[in-house]
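Please read the structure below before turning to the comments.
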Amino acid sequence: MENVNSLIQERINKTEKLKAMGVNPYPSGYRPDISISEALDRFGDMEEETLEKESGLYNFAGRIISRRDFGKASFFHIKDRTGRIQAYIRKNKVDDVGFKIFKLMDIGDHIGIKGRLFRTRTGELTVLAEGLVFLGKSLRPLPEKWHGLTDVETRYRQRYVDLIMNDHVKEVFVLRSKIIQSIRKFLVDKDFLEVETPMMQPIPGGATARPFKTFHNALGMDLYLRVAPELYLKRLVVGGLERVFEINRSFRNEGISIKHNPEFTMLEFYMAYATYEDLMVLTEELFTHILMENLGSLVVEYQGMTIDFKPPWPRISLFDALRDTGRVDEKAFHSREDAAKAAMEFQISLLPRDGHGTILTKLFDHLVEPQLNMPTFIIGYPTEVSPLSRRNDQNPDLTDRFELFIGGREIANAFTELNDPIDQKERFQNQVALREAGDQEALFMDQDYVRALEYGMPPTAGEGIGIDRVVMLLSDSPSIRDVILFPHMRSIETGSGDETFEENKDK
């Protein structure tokens, strides 16, 4: 820490020297007329003779990320949002003041360069600086050149440094943005309308999850950060917006792990006159579109696994998966007692209030989900664990619902929507009873949503897809924190210099 503080002080001293020279270390604006990638694309493969004729003076801007000084000359690299390029400055090519300014610059500083392109003896395309502009002083030194920023804790907490030092991190977030653009384009082309629904809600609904709670002073009422936008989106379907979607931020007051972050991004869409079976086909089309547009292939390597997204994907009932993959005795399917015995055999903890359907889904989560690496639809979930899903016509104990699993984790959840207001009210009442029994993730009663259903909702199917988990899959990222720019972390003690970070164990 003492060494870091001394380096910071040294840079502060340089800043004062710049000011004494009349140089503003933090000027306003600069207009580069070419990006680094444009220069590399246009001139990277050009022959030297042609390069001398074609290359005029260009204004570049970027951050200095390396430098080699040779007295009256220096080679250095600058980096902008598009790439990196070498530059060369020598004293007899720029004026004395300009060279003195450069000598006061450090790795991490921002610089504007006016110069011509040439090729060095080693063949590297290089900017010969004929003028420079100081664009921003970096007071804190970047991580050591050869090791970069590798500490995971520091990378998550100081994402700004992570992005400077690790190009592959920036590539992940560029891919994330493109995936979201692809999703938006796909749905708009299918005649879906993008909408926005409240993030603060008087009654949190749409998912069984513990909400974050706040208080609105002017209204004098409690509000909750949404756990899902579902009930508001379905209100819009009632109102006649028959195809709607929202790429939304949702919040769940739950543990942090490689698969969970309290604040996350989710796609939810609803389609009138459709069933959950229609959405399975639509989901396959959506993923095919995303993969081909962004990766150019339906085969993805993820954490040592080869995942083939070529449709159609298997559709397996939850009970068949429990029997064939989980090796659960079928007796567990017929009584709560036998299901509880099976859970005990696999050391799965249960609560007294857990019903038969809840126990079966816990068995599935423990025994089957981790094994579902290829894209797989699991269908036929118990009504008990599906309070917003339509009952199956042949078996009312089950619902018309699927969950999509890829890479051993849930990626999507969808169902034919429950549009019977009487049935929905009873389901809410059952959830209220669970909440009163201590289940803080159970749904609240939402009388206004029941009222909306009483005005009549057409047959509808809806789906939620975890955007963060999709990006994990397509970027080969092992943790959800690798695909969220600023993931939530435990608090730390901060000092005047470098910090020592506490270990953030997965729960």
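The chains in the structure tokens are called A, B, ... from first to last as shown; in each chain the residues are counted from 1, and the ligands are counted from 1 in the order shown.
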### Query
Which residues in segment 130-369 of chain A does DSSP call helix (DSSP H, G or I)? List them as a VMD selection string.
chain A and resid 152 to 157 159 to 165 167 to 189 230 to 238 276 to 294 318 to 324 330 to 333 336 to 345 356 to 367 369
### Task
Write out as a ChimeraX atom specification each polymer residue whose atoms come within 10 Å of Ile247 of chain A, counting only C-alpha atoms; drop sequence neighbours fewer than 5 positions from it.
/A:180,183-184,194-196,229,265-269,464-467
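Proximity to segment 444-448 of chain A at 8 Å, evaluated using only C-alpha atoms and with sequence-adjacent residues fewer than 5 positions away removed, yields Ile203, Pro204, Gly205, Lys425, Phe428, Gln429, Gln431, Val432 and Arg435 of chain A.
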Keeping only C-alpha atoms, write the selected residues to a file as a compact mmCIF listing (two decimals), in the first residue's frame.
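Done, and the output landed in again.txt:
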```txt
# COMPACT_ATOMS: atom_id res chain seq x y z
CA ILE A 203 -47.72 -6.16 -4.24
CA PRO A 204 -44.76 -8.23 -5.50
CA GLY A 205 -45.94 -10.99 -7.78
CA LYS A 425 -58.04 -16.48 -6.53
CA PHE A 428 -53.51 -17.00 -4.32
CA GLN A 429 -55.33 -18.00 -1.12
CA GLN A 431 -50.11 -19.08 -1.36
CA VAL A 432 -51.24 -16.74 1.43
CA ARG A 435 -46.84 -17.35 3.65
```
### Contact residues around Ile179 of chain A with only C-alpha atoms at 12 Å, ignoring same-chain residues under 3 positions, as a count of residues only
31
### Message
Calculated over only C-alpha atoms, which of the candidates A:Ala461, A:Met305, A:Leu298, A:Ala39 has the smallest distance to Tyr273 of chain A?
### Response
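Of all the options, A:Ala461 lies closest to Tyr273 of chain A.
Take the candidates A:Leu132, A:Thr376, A:Arg116, A:Asp80 and check each one against Gly98 of chain A using only C-alpha atoms; the shortest distance goes to A:Leu132.
Among the candidates A:Val300, A:Leu350, A:Leu279, A:Ile78, the residue lying nearest to Asp476 of chain A is A:Val300 (atoms considered: only C-alpha atoms).
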### Task
Among the residues of segment 254-437 of chain A, find those DSSP assigns to strand (DSSP E) from the backbone and print them as a ChimeraX atom specification.
/A:263-272,299-302,305-308,315-317,376-379,401-406,409-416
## Note on the structure
Among A:Leu372, A:Leu318, A:Ile258, A:Leu443, Ile480 of chain A is approached most closely, using only C-alpha atoms, by A:Ile258
### Task
For segment 362-364 of chain A, work out the shell of residues within 9 Å, counting only C-alpha atoms and skipping chain neighbours fewer than 3 positions away, then give it as a list in words.
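In the requested format, the answer is Leu318, Phe319, Ala321, Leu322, Gly326, Val328, Ala339, Ala342, Ala343, Phe346, Ile348, Ser349, Leu350, Gly357, Thr358, Ile359, Leu367, Val368 and Glu369 of chain A.
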Deliver the residues from the most recent selection as a file, using C-alpha atoms, as a compact mmCIF listing (two decimals), in the first residue's frame.
```txt
# COMPACT_ATOMS: atom_id res chain seq x y z
CA LEU A 318 -40.83 -34.26 -14.90
CA PHE A 319 -41.88 -37.73 -13.71
CA ALA A 321 -36.94 -37.47 -15.78
CA LEU A 322 -37.14 -38.33 -12.08
CA GLY A 326 -32.82 -39.32 -11.15
CA VAL A 328 -36.32 -42.21 -8.17
CA ALA A 339 -41.64 -38.90 -1.82
CA ALA A 342 -36.92 -40.69 -1.20
CA ALA A 343 -35.81 -37.18 -0.27
CA PHE A 346 -30.76 -38.46 -0.90
CA ILE A 348 -32.54 -33.48 0.77
CA SER A 349 -33.84 -31.21 3.51
CA LEU A 350 -37.60 -30.76 3.73
CA GLY A 357 -45.42 -31.54 -5.50
CA THR A 358 -42.81 -29.44 -3.71
CA ILE A 359 -40.92 -32.54 -2.58
CA LEU A 367 -30.95 -35.27 -8.89
CA VAL A 368 -31.90 -34.32 -12.45
CA GLU A 369 -31.20 -30.66 -13.17
```
#### Entry: Nearest residue to Val133 of chain A from the set A:Val23, A:Leu236, A:Ile164, A:Met374 (distances using only C-alpha atoms)
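Among A:Val23, A:Leu236, A:Ile164, A:Met374, it is A:Val23 that comes nearest to Val133 of chain A.
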